[in-house]
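Participant: This is target_27.txt, which holds compact mmCIF, C-alpha atoms:
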```txt
# COMPACT_ATOMS: atom_id res chain seq x y z
CA MET A 1 -42.13 9.90 15.30
CA ASN A 2 -42.58 8.61 11.74
CA LYS A 3 -39.63 10.73 10.57
CA TYR A 4 -37.28 9.42 13.23
CA TRP A 5 -37.87 5.66 13.05
CA TRP A 6 -34.67 5.08 11.08
CA LYS A 7 -32.62 6.88 13.74
CA PHE A 8 -33.98 4.57 16.44
CA LEU A 9 -33.22 1.67 14.11
CA ALA A 10 -29.65 2.93 13.59
CA SER A 11 -29.08 3.31 17.34
CA GLY A 12 -30.53 -0.13 18.08
CA LEU A 13 -28.51 -1.85 15.37
CA LEU A 14 -25.29 -0.15 16.50
CA LEU A 15 -25.85 -1.17 20.13
CA TYR A 16 -26.62 -4.72 18.93
CA THR A 17 -23.41 -4.72 16.86
CA VAL A 18 -21.20 -3.47 19.67
CA TRP A 19 -22.70 -5.81 22.28
CA PHE A 20 -22.53 -9.00 20.24
CA GLY A 21 -19.37 -7.85 18.48
CA PHE A 22 -17.47 -7.96 21.77
CA SER A 23 -19.37 -10.64 23.67
CA GLY A 24 -20.87 -12.99 21.07
CA GLU A 25 -19.42 -16.35 20.09
CA VAL A 26 -17.05 -16.39 17.11
CA PRO A 27 -15.31 -19.29 15.33
CA ARG A 28 -11.74 -19.94 16.45
CA GLN A 29 -9.88 -19.68 13.16
CA PRO A 30 -6.07 -20.11 12.93
CA ILE A 31 -4.19 -16.78 13.09
CA LEU A 32 -7.42 -14.76 13.25
CA ASN A 33 -8.62 -16.01 16.65
CA GLU A 34 -10.46 -13.17 18.49
CA THR A 35 -9.45 -10.56 15.90
CA ILE A 36 -12.19 -11.91 13.64
CA ARG A 37 -14.55 -9.68 15.65
CA ASN A 38 -13.13 -6.74 13.73
CA VAL A 39 -15.19 -7.90 10.74
CA TYR A 40 -18.19 -6.24 12.47
CA PHE A 41 -16.44 -2.86 12.41
CA HIS A 42 -13.77 -2.69 9.71
CA VAL A 43 -15.80 -4.10 6.80
CA PRO A 44 -19.15 -2.38 7.57
CA MET A 45 -17.36 0.98 7.84
CA TRP A 46 -16.20 0.48 4.25
CA PHE A 47 -19.78 -0.28 3.22
CA GLY A 48 -20.85 2.92 4.98
CA MET A 49 -18.11 4.85 3.21
CA MET A 50 -19.24 3.54 -0.19
CA ALA A 51 -22.89 4.40 0.49
CA LEU A 52 -21.93 7.95 1.47
CA MET A 53 -19.66 8.35 -1.57
CA ILE A 54 -22.52 7.25 -3.83
CA SER A 55 -24.83 9.76 -2.11
CA SER A 56 -22.24 12.50 -2.59
CA LEU A 57 -21.90 11.56 -6.26
CA VAL A 58 -25.67 11.70 -6.80
CA TYR A 59 -25.91 15.21 -5.32
CA SER A 60 -22.93 16.42 -7.35
CA ILE A 61 -24.71 15.26 -10.50
CA LYS A 62 -27.93 16.94 -9.32
CA TYR A 63 -26.02 20.18 -8.76
CA LEU A 64 -24.61 20.12 -12.28
CA GLN A 65 -28.13 19.54 -13.61
CA LYS A 66 -30.02 22.15 -11.57
CA GLY A 67 -27.39 24.48 -10.07
CA LYS A 68 -28.99 24.45 -6.59
CA ILE A 69 -26.43 25.31 -3.91
CA GLU A 70 -28.26 22.98 -1.48
CA ASP A 71 -27.24 20.03 -3.64
CA ASP A 72 -23.60 21.08 -3.37
CA ILE A 73 -23.93 21.23 0.43
CA TYR A 74 -25.38 17.72 0.47
CA ALA A 75 -22.55 16.49 -1.78
CA VAL A 76 -19.73 17.94 0.29
CA GLU A 77 -21.11 16.82 3.66
CA PHE A 78 -21.72 13.27 2.47
CA ALA A 79 -18.14 13.28 1.15
CA ASN A 80 -16.84 14.65 4.48
CA VAL A 81 -18.37 11.83 6.50
CA ALA A 82 -17.38 9.27 3.85
CA ILE A 83 -13.72 10.23 4.31
CA VAL A 84 -14.04 9.94 8.09
CA PHE A 85 -15.48 6.45 7.66
CA GLY A 86 -12.68 5.66 5.21
CA LEU A 87 -10.05 6.74 7.71
CA LEU A 88 -11.72 4.74 10.50
CA GLY A 89 -11.84 1.72 8.20
CA PHE A 90 -8.18 2.21 7.36
CA LEU A 91 -7.28 2.49 11.06
CA THR A 92 -9.24 -0.62 12.09
CA GLY A 93 -7.71 -2.47 9.15
CA SER A 94 -4.21 -1.46 10.23
CA LEU A 95 -4.84 -2.69 13.77
CA TRP A 96 -6.19 -5.95 12.40
CA GLY A 97 -3.29 -6.36 9.99
CA ASN A 98 -0.78 -5.81 12.78
CA PHE A 99 -2.09 -8.90 14.59
CA THR A 100 -2.78 -11.15 11.59
CA TRP A 101 -0.13 -10.13 9.05
CA GLY A 102 2.57 -8.93 11.44
CA SER A 103 2.51 -5.36 10.12
CA PRO A 104 -0.07 -2.54 10.24
CA LEU A 105 0.86 -1.43 6.71
CA PRO A 106 2.21 -4.32 4.64
CA LYS A 107 3.01 -3.72 0.97
CA ASP A 108 -0.36 -4.94 -0.23
CA PRO A 109 -2.00 -3.74 -3.49
CA LYS A 110 -5.33 -3.04 -1.84
CA ILE A 111 -3.81 -1.00 0.98
CA ILE A 112 -1.80 1.05 -1.51
CA ALA A 113 -4.92 1.52 -3.64
CA VAL A 114 -6.90 2.73 -0.62
CA GLU A 115 -4.17 5.22 0.28
CA VAL A 116 -4.18 6.61 -3.27
CA GLY A 117 -7.99 6.70 -3.33
CA LEU A 118 -8.22 8.60 -0.06
CA LEU A 119 -5.64 11.09 -1.33
CA ILE A 120 -7.74 11.61 -4.47
CA TYR A 121 -10.73 12.44 -2.28
CA ALA A 122 -8.58 14.67 -0.06
CA ALA A 123 -7.77 16.71 -3.15
CA TYR A 124 -11.53 17.31 -3.51
CA PHE A 125 -11.50 19.34 -0.30
CA VAL A 126 -8.27 21.12 -1.25
CA LEU A 127 -9.94 22.14 -4.50
CA ARG A 128 -12.97 23.52 -2.67
CA GLY A 129 -10.74 25.61 -0.47
CA SER A 130 -9.05 27.18 -3.50
CA PHE A 131 -12.06 29.24 -4.62
CA GLU A 132 -13.97 32.10 -3.03
CA ASP A 133 -16.86 32.21 -5.49
CA GLU A 134 -19.47 29.73 -4.26
CA GLN A 135 -20.94 28.84 -7.65
CA LYS A 136 -17.53 28.31 -9.25
CA LYS A 137 -16.38 26.27 -6.26
CA ALA A 138 -19.51 24.13 -6.36
CA ARG A 139 -19.37 23.56 -10.12
CA LEU A 140 -15.69 22.57 -10.29
CA SER A 141 -15.82 20.44 -7.17
CA ALA A 142 -18.92 18.62 -8.48
CA VAL A 143 -17.04 17.72 -11.65
CA TYR A 144 -14.01 16.61 -9.63
CA ASN A 145 -16.23 14.57 -7.27
CA ILE A 146 -17.46 12.54 -10.23
CA PHE A 147 -13.85 11.98 -11.30
CA ALA A 148 -12.84 11.01 -7.74
CA PHE A 149 -15.63 8.44 -7.47
CA ALA A 150 -14.86 7.00 -10.91
CA SER A 151 -11.19 6.64 -9.86
CA PHE A 152 -11.74 5.35 -6.33
CA MET A 153 -14.03 2.43 -7.09
CA PRO A 154 -11.80 0.67 -9.67
CA LEU A 155 -8.72 1.39 -7.55
CA VAL A 156 -10.15 -0.23 -4.43
CA TRP A 157 -12.53 -2.88 -5.71
CA ILE A 158 -11.25 -4.00 -9.13
CA LEU A 159 -7.48 -3.60 -9.50
CA PRO A 160 -6.55 -5.51 -6.27
CA ARG A 161 -8.53 -8.51 -7.58
CA LEU A 162 -6.26 -8.70 -10.61
CA THR A 163 -3.07 -9.31 -8.65
CA ASP A 164 -1.83 -11.06 -5.50
CA SER A 165 -3.25 -9.57 -2.32
CA LEU A 166 -3.41 -10.43 1.36
CA HIS A 167 -7.03 -9.32 1.55
CA PRO A 168 -9.80 -11.94 1.38
CA GLY A 169 -11.62 -11.97 -1.93
CA ASN A 170 -8.67 -10.47 -3.79
CA GLY A 171 -5.83 -11.94 -5.82
CA GLY A 172 -7.29 -15.43 -5.83
CA ASN A 173 -7.97 -15.51 -2.06
CA PRO A 174 -11.44 -16.81 -1.11
CA ALA A 175 -13.89 -14.19 0.12
CA PHE A 176 -13.92 -13.73 3.90
CA GLY A 177 -17.41 -15.10 4.41
CA LYS A 178 -16.81 -18.25 2.41
CA TYR A 179 -14.81 -20.12 5.05
CA ASP A 180 -14.30 -17.91 8.11
CA MET A 181 -17.77 -16.60 8.97
CA ASP A 182 -20.44 -18.90 10.37
CA ASN A 183 -24.20 -18.26 10.57
CA SER A 184 -23.95 -16.73 14.05
CA MET A 185 -21.49 -14.14 12.75
CA ARG A 186 -23.71 -13.34 9.79
CA MET A 187 -26.51 -12.55 12.26
CA VAL A 188 -24.32 -9.71 13.53
CA PHE A 189 -22.44 -8.77 10.36
CA TYR A 190 -25.43 -7.83 8.20
CA PRO A 191 -27.06 -5.67 10.90
CA ALA A 192 -23.64 -4.08 11.43
CA VAL A 193 -23.48 -3.08 7.76
CA MET A 194 -26.93 -1.47 8.01
CA ALA A 195 -26.01 0.19 11.32
CA TRP A 196 -22.87 1.88 10.02
CA ILE A 197 -24.61 3.05 6.82
CA LEU A 198 -27.48 4.58 8.81
CA ILE A 199 -25.12 6.19 11.34
CA GLY A 200 -23.15 7.71 8.46
CA VAL A 201 -26.31 9.12 6.90
CA TRP A 202 -27.44 10.43 10.30
CA ILE A 203 -24.16 12.28 10.91
CA SER A 204 -24.24 13.65 7.36
CA THR A 205 -27.78 14.99 7.73
CA LEU A 206 -26.84 16.73 10.99
CA LYS A 207 -23.88 18.42 9.29
CA ILE A 208 -26.09 19.38 6.33
CA ARG A 209 -28.68 21.00 8.61
CA ILE A 210 -25.95 23.00 10.36
CA ARG A 211 -24.57 24.21 7.01
CA LEU A 212 -28.02 25.19 5.76
CA MET A 213 -28.76 27.12 8.96
CA ARG A 214 -25.44 28.95 8.72
CA ASN A 215 -26.24 29.93 5.13
CA LYS A 216 -29.62 31.35 6.22
CA VAL A 217 -27.98 33.30 9.04
CA ASN A 218 -25.40 34.74 6.63
CA GLU A 219 -28.13 35.75 4.20
CA VAL A 220 -29.94 37.61 6.97
```
Kindly return the structure encoded in the file as structure tokens.

Facilitator:
Amino acid sequence: MNKYWWKFLASGLLLYTVWFGFSGEVPRQPILNETIRNVYFHVPMWFGMMALMISSLVYSIKYLQKGKIEDDIYAVEFANVAIVFGLLGFLTGSLWGNFTWGSPLPKDPKIIAVEVGLLIYAAYFVLRGSFEDEQKKARLSAVYNIFAFASFMPLVWILPRLTDSLHPGNGGNPAFGKYDMDNSMRMVFYPAVMAWILIGVWISTLKIRIRLMRNKVNEV
């Protein structure tokens, strides 16, 4: 039971997020109205994506240091789930933008940066599929993963802040929580961030266990 406490926590926090995300009270802000509920899903998914990308980066560095194929498996599976979270965040952001900005994909610096960043990470998987030798594949993809992370973070979190942007907290706009979120929303938002991070780690560990079992079967 001691090993599984965080999974029960993840499930409880996610149920809490979904329940209060759809039924809890939210401030009635101009333009946003009920769409402000998306802050419990869109933003925490990005936090989950970042946490998984950092985990993938750490294991890529560990692989380059020790050459253990298990570290490469951890790196690629964390990256896999990170991209899924990134795509879900992009989708929920597009739905939100369609209601608040009048277009699912406006010409916004942050949206363009996210598209480029996701393509950079997509190239990571293309690179892995280009090699048959496992050690060579792992070594080159670990190096590229470090490059992808170092490119993605400035693209998404720094450059949009230097120019005009529709996104809160970018281009001179006040951060979302400064004016729009009240204390009741924060009681759901912060657990939502933790929930999506833990769910991402949970899915990643399941995929890692499957990959490790397949490797053992192939060795036999």

Participant: Identify which of the residues A:Trp6, A:Asn98, A:Ala113, A:Met194 lies closest to A:Ile158, counting all atoms listed in the file when measuring atom-to-atom distances.

Facilitator: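 Distance minimum relative to A:Ile158 lands on A:Ala113.
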
Participant: Taking only C-alpha atoms into account, which of A:Met187, A:Met49, A:Leu95, A:Ile197 comes nearest A:Met153?

Facilitator: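 Once distances to A:Met153 are computed over only C-alpha atoms, the minimum belongs to A:Met49.
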
Participant: Could you state the separation of atom CA of A:Met213 and atom CA of A:Ser130 in Å, given to one decimal place?

Facilitator: 23.3 Å

Participant: Please measure the separation of atom CA of A:Pro106 and atom CA of A:Ser94, giving the value in Å to one decimal.

Facilitator: 9.0 Å

Participant: Can you work out the spacing between atom CA of A:Arg37 and atom CA of A:Thr17 in Å, to one decimal?

Facilitator: 10.2 Å

Participant: Pick the closest to A:Leu155 from A:Gly67, A:Pro191, A:Pro109, A:Gly129: which is it, counting all atoms listed in the file?

Facilitator: A:Pro109

Participant: List the spatial neighbours of A:Ser204 as a ChimeraX atom specification - criterion: any atom at most 7 Å away, only C-alpha atoms, same-chain residues fewer than 3 positions off excluded.

Facilitator: /A:77-78,81,200-201,207-208

Participant: Quick one: residues within 12 Å of A:Thr92, all atoms listed in the file counted, chain neighbours fewer than 2 positions away excluded, as a PDB file with C-alpha atoms, in the frame of the given file?

Facilitator:
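Written file, out_6.pdb:
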```pdb
ATOM      1  CA  THR A  35      -9.450 -10.560  15.900  1.00  0.00           C
ATOM      2  CA  ILE A  36     -12.190 -11.910  13.640  1.00  0.00           C
ATOM      3  CA  ARG A  37     -14.550  -9.680  15.650  1.00  0.00           C
ATOM      4  CA  ASN A  38     -13.130  -6.740  13.730  1.00  0.00           C
ATOM      5  CA  VAL A  39     -15.190  -7.900  10.740  1.00  0.00           C
ATOM      6  CA  TYR A  40     -18.190  -6.240  12.470  1.00  0.00           C
ATOM      7  CA  PHE A  41     -16.440  -2.860  12.410  1.00  0.00           C
ATOM      8  CA  HIS A  42     -13.770  -2.690   9.710  1.00  0.00           C
ATOM      9  CA  VAL A  43     -15.800  -4.100   6.800  1.00  0.00           C
ATOM     10  CA  PRO A  44     -19.150  -2.380   7.570  1.00  0.00           C
ATOM     11  CA  MET A  45     -17.360   0.980   7.840  1.00  0.00           C
ATOM     12  CA  TRP A  46     -16.200   0.480   4.250  1.00  0.00           C
ATOM     13  CA  PHE A  85     -15.480   6.450   7.660  1.00  0.00           C
ATOM     14  CA  GLY A  86     -12.680   5.660   5.210  1.00  0.00           C
ATOM     15  CA  LEU A  87     -10.050   6.740   7.710  1.00  0.00           C
ATOM     16  CA  LEU A  88     -11.720   4.740  10.500  1.00  0.00           C
ATOM     17  CA  GLY A  89     -11.840   1.720   8.200  1.00  0.00           C
ATOM     18  CA  PHE A  90      -8.180   2.210   7.360  1.00  0.00           C
ATOM     19  CA  SER A  94      -4.210  -1.460  10.230  1.00  0.00           C
ATOM     20  CA  LEU A  95      -4.840  -2.690  13.770  1.00  0.00           C
ATOM     21  CA  TRP A  96      -6.190  -5.950  12.400  1.00  0.00           C
ATOM     22  CA  GLY A  97      -3.290  -6.360   9.990  1.00  0.00           C
ATOM     23  CA  ASN A  98      -0.780  -5.810  12.780  1.00  0.00           C
ATOM     24  CA  PHE A  99      -2.090  -8.900  14.590  1.00  0.00           C
ATOM     25  CA  PRO A 104      -0.070  -2.540  10.240  1.00  0.00           C
ATOM     26  CA  LEU A 105       0.860  -1.430   6.710  1.00  0.00           C
TER      27      LEU A 105
END
```

Participant: Between A:Asn183, A:Leu162, A:Val76, A:Glu34, which has the minimum distance to A:Arg128 (counting all atoms listed in the file)?

Facilitator: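 The answer is A:Val76, which sits nearest to A:Arg128.
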
Participant: May I ask which of the residues A:Lys62, A:Val188, A:Trp101, A:Trp196 is the closest one to A:Ser23, counting all atoms listed in the file?

Facilitator: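 Closest candidate: A:Val188.
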
Participant: Which residues, written as an NGL selection string, have at least one atom at most 7 Å from A:Ala10, with all atoms listed in the file counted and residues fewer than 5 positions away on the same chain left out?

Facilitator: :A and (195 or 198-199)

Participant: Got time to write the residues from that selection, C-alpha atoms, as a PDB file, keeping the file's coordinate frame?

Facilitator:
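Okay, result-v6.pdb is ready:
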```pdb
ATOM      1  CA  ALA A 195     -26.010   0.190  11.320  1.00  0.00           C
ATOM      2  CA  LEU A 198     -27.480   4.580   8.810  1.00  0.00           C
ATOM      3  CA  ILE A 199     -25.120   6.190  11.340  1.00  0.00           C
TER       4      ILE A 199
END
```

Participant: Given the choices A:Val193, A:Tyr4, A:Leu52, A:Thr100, which gets closest to A:Asn33 if the distance is worked out from only C-alpha atoms?

Facilitator: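 With only C-alpha atoms as the atom set, the closest residue is A:Thr100.
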
Participant: List the neighbours of A:Lys66 out to 12 Å using all atoms listed in the file; skip same-chain residues closer than 6 positions along the sequence, and give me the result as a PyMOL selection string.

Facilitator: chain A and resi 59-60+72+135+138-139

Participant: Those same residues, written as an mmCIF file, keeping the file's coordinate frame with C-alpha atoms?

Facilitator:
```cif
data_model
loop_
_atom_site.group_PDB
_atom_site.id
_atom_site.type_symbol
_atom_site.label_atom_id
_atom_site.label_comp_id
_atom_site.auth_asym_id
_atom_site.auth_seq_id
_atom_site.Cartn_x
_atom_site.Cartn_y
_atom_site.Cartn_z
ATOM 1 C CA TYR A 59 -25.910 15.210 -5.320
ATOM 2 C CA SER A 60 -22.930 16.420 -7.350
ATOM 3 C CA ASP A 72 -23.600 21.080 -3.370
ATOM 4 C CA GLN A 135 -20.940 28.840 -7.650
ATOM 5 C CA ALA A 138 -19.510 24.130 -6.360
ATOM 6 C CA ARG A 139 -19.370 23.560 -10.120
#
```

Participant: Using all atoms listed in the file, which protein or nucleic acid residues come within 12 Å of A:Leu64? Drop anything in the same chain fewer than 6 positions from it, and give the result as a list in words.

Facilitator: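 Counting only the stated atoms, we get Leu57, Val58, Glu70, Asp71, Asp72, Ala75, Gln135, Lys136, Lys137, Ala138, Arg139, Leu140, Ser141, Ala142, Val143, Tyr144, Asn145 and Ile146 of chain A.
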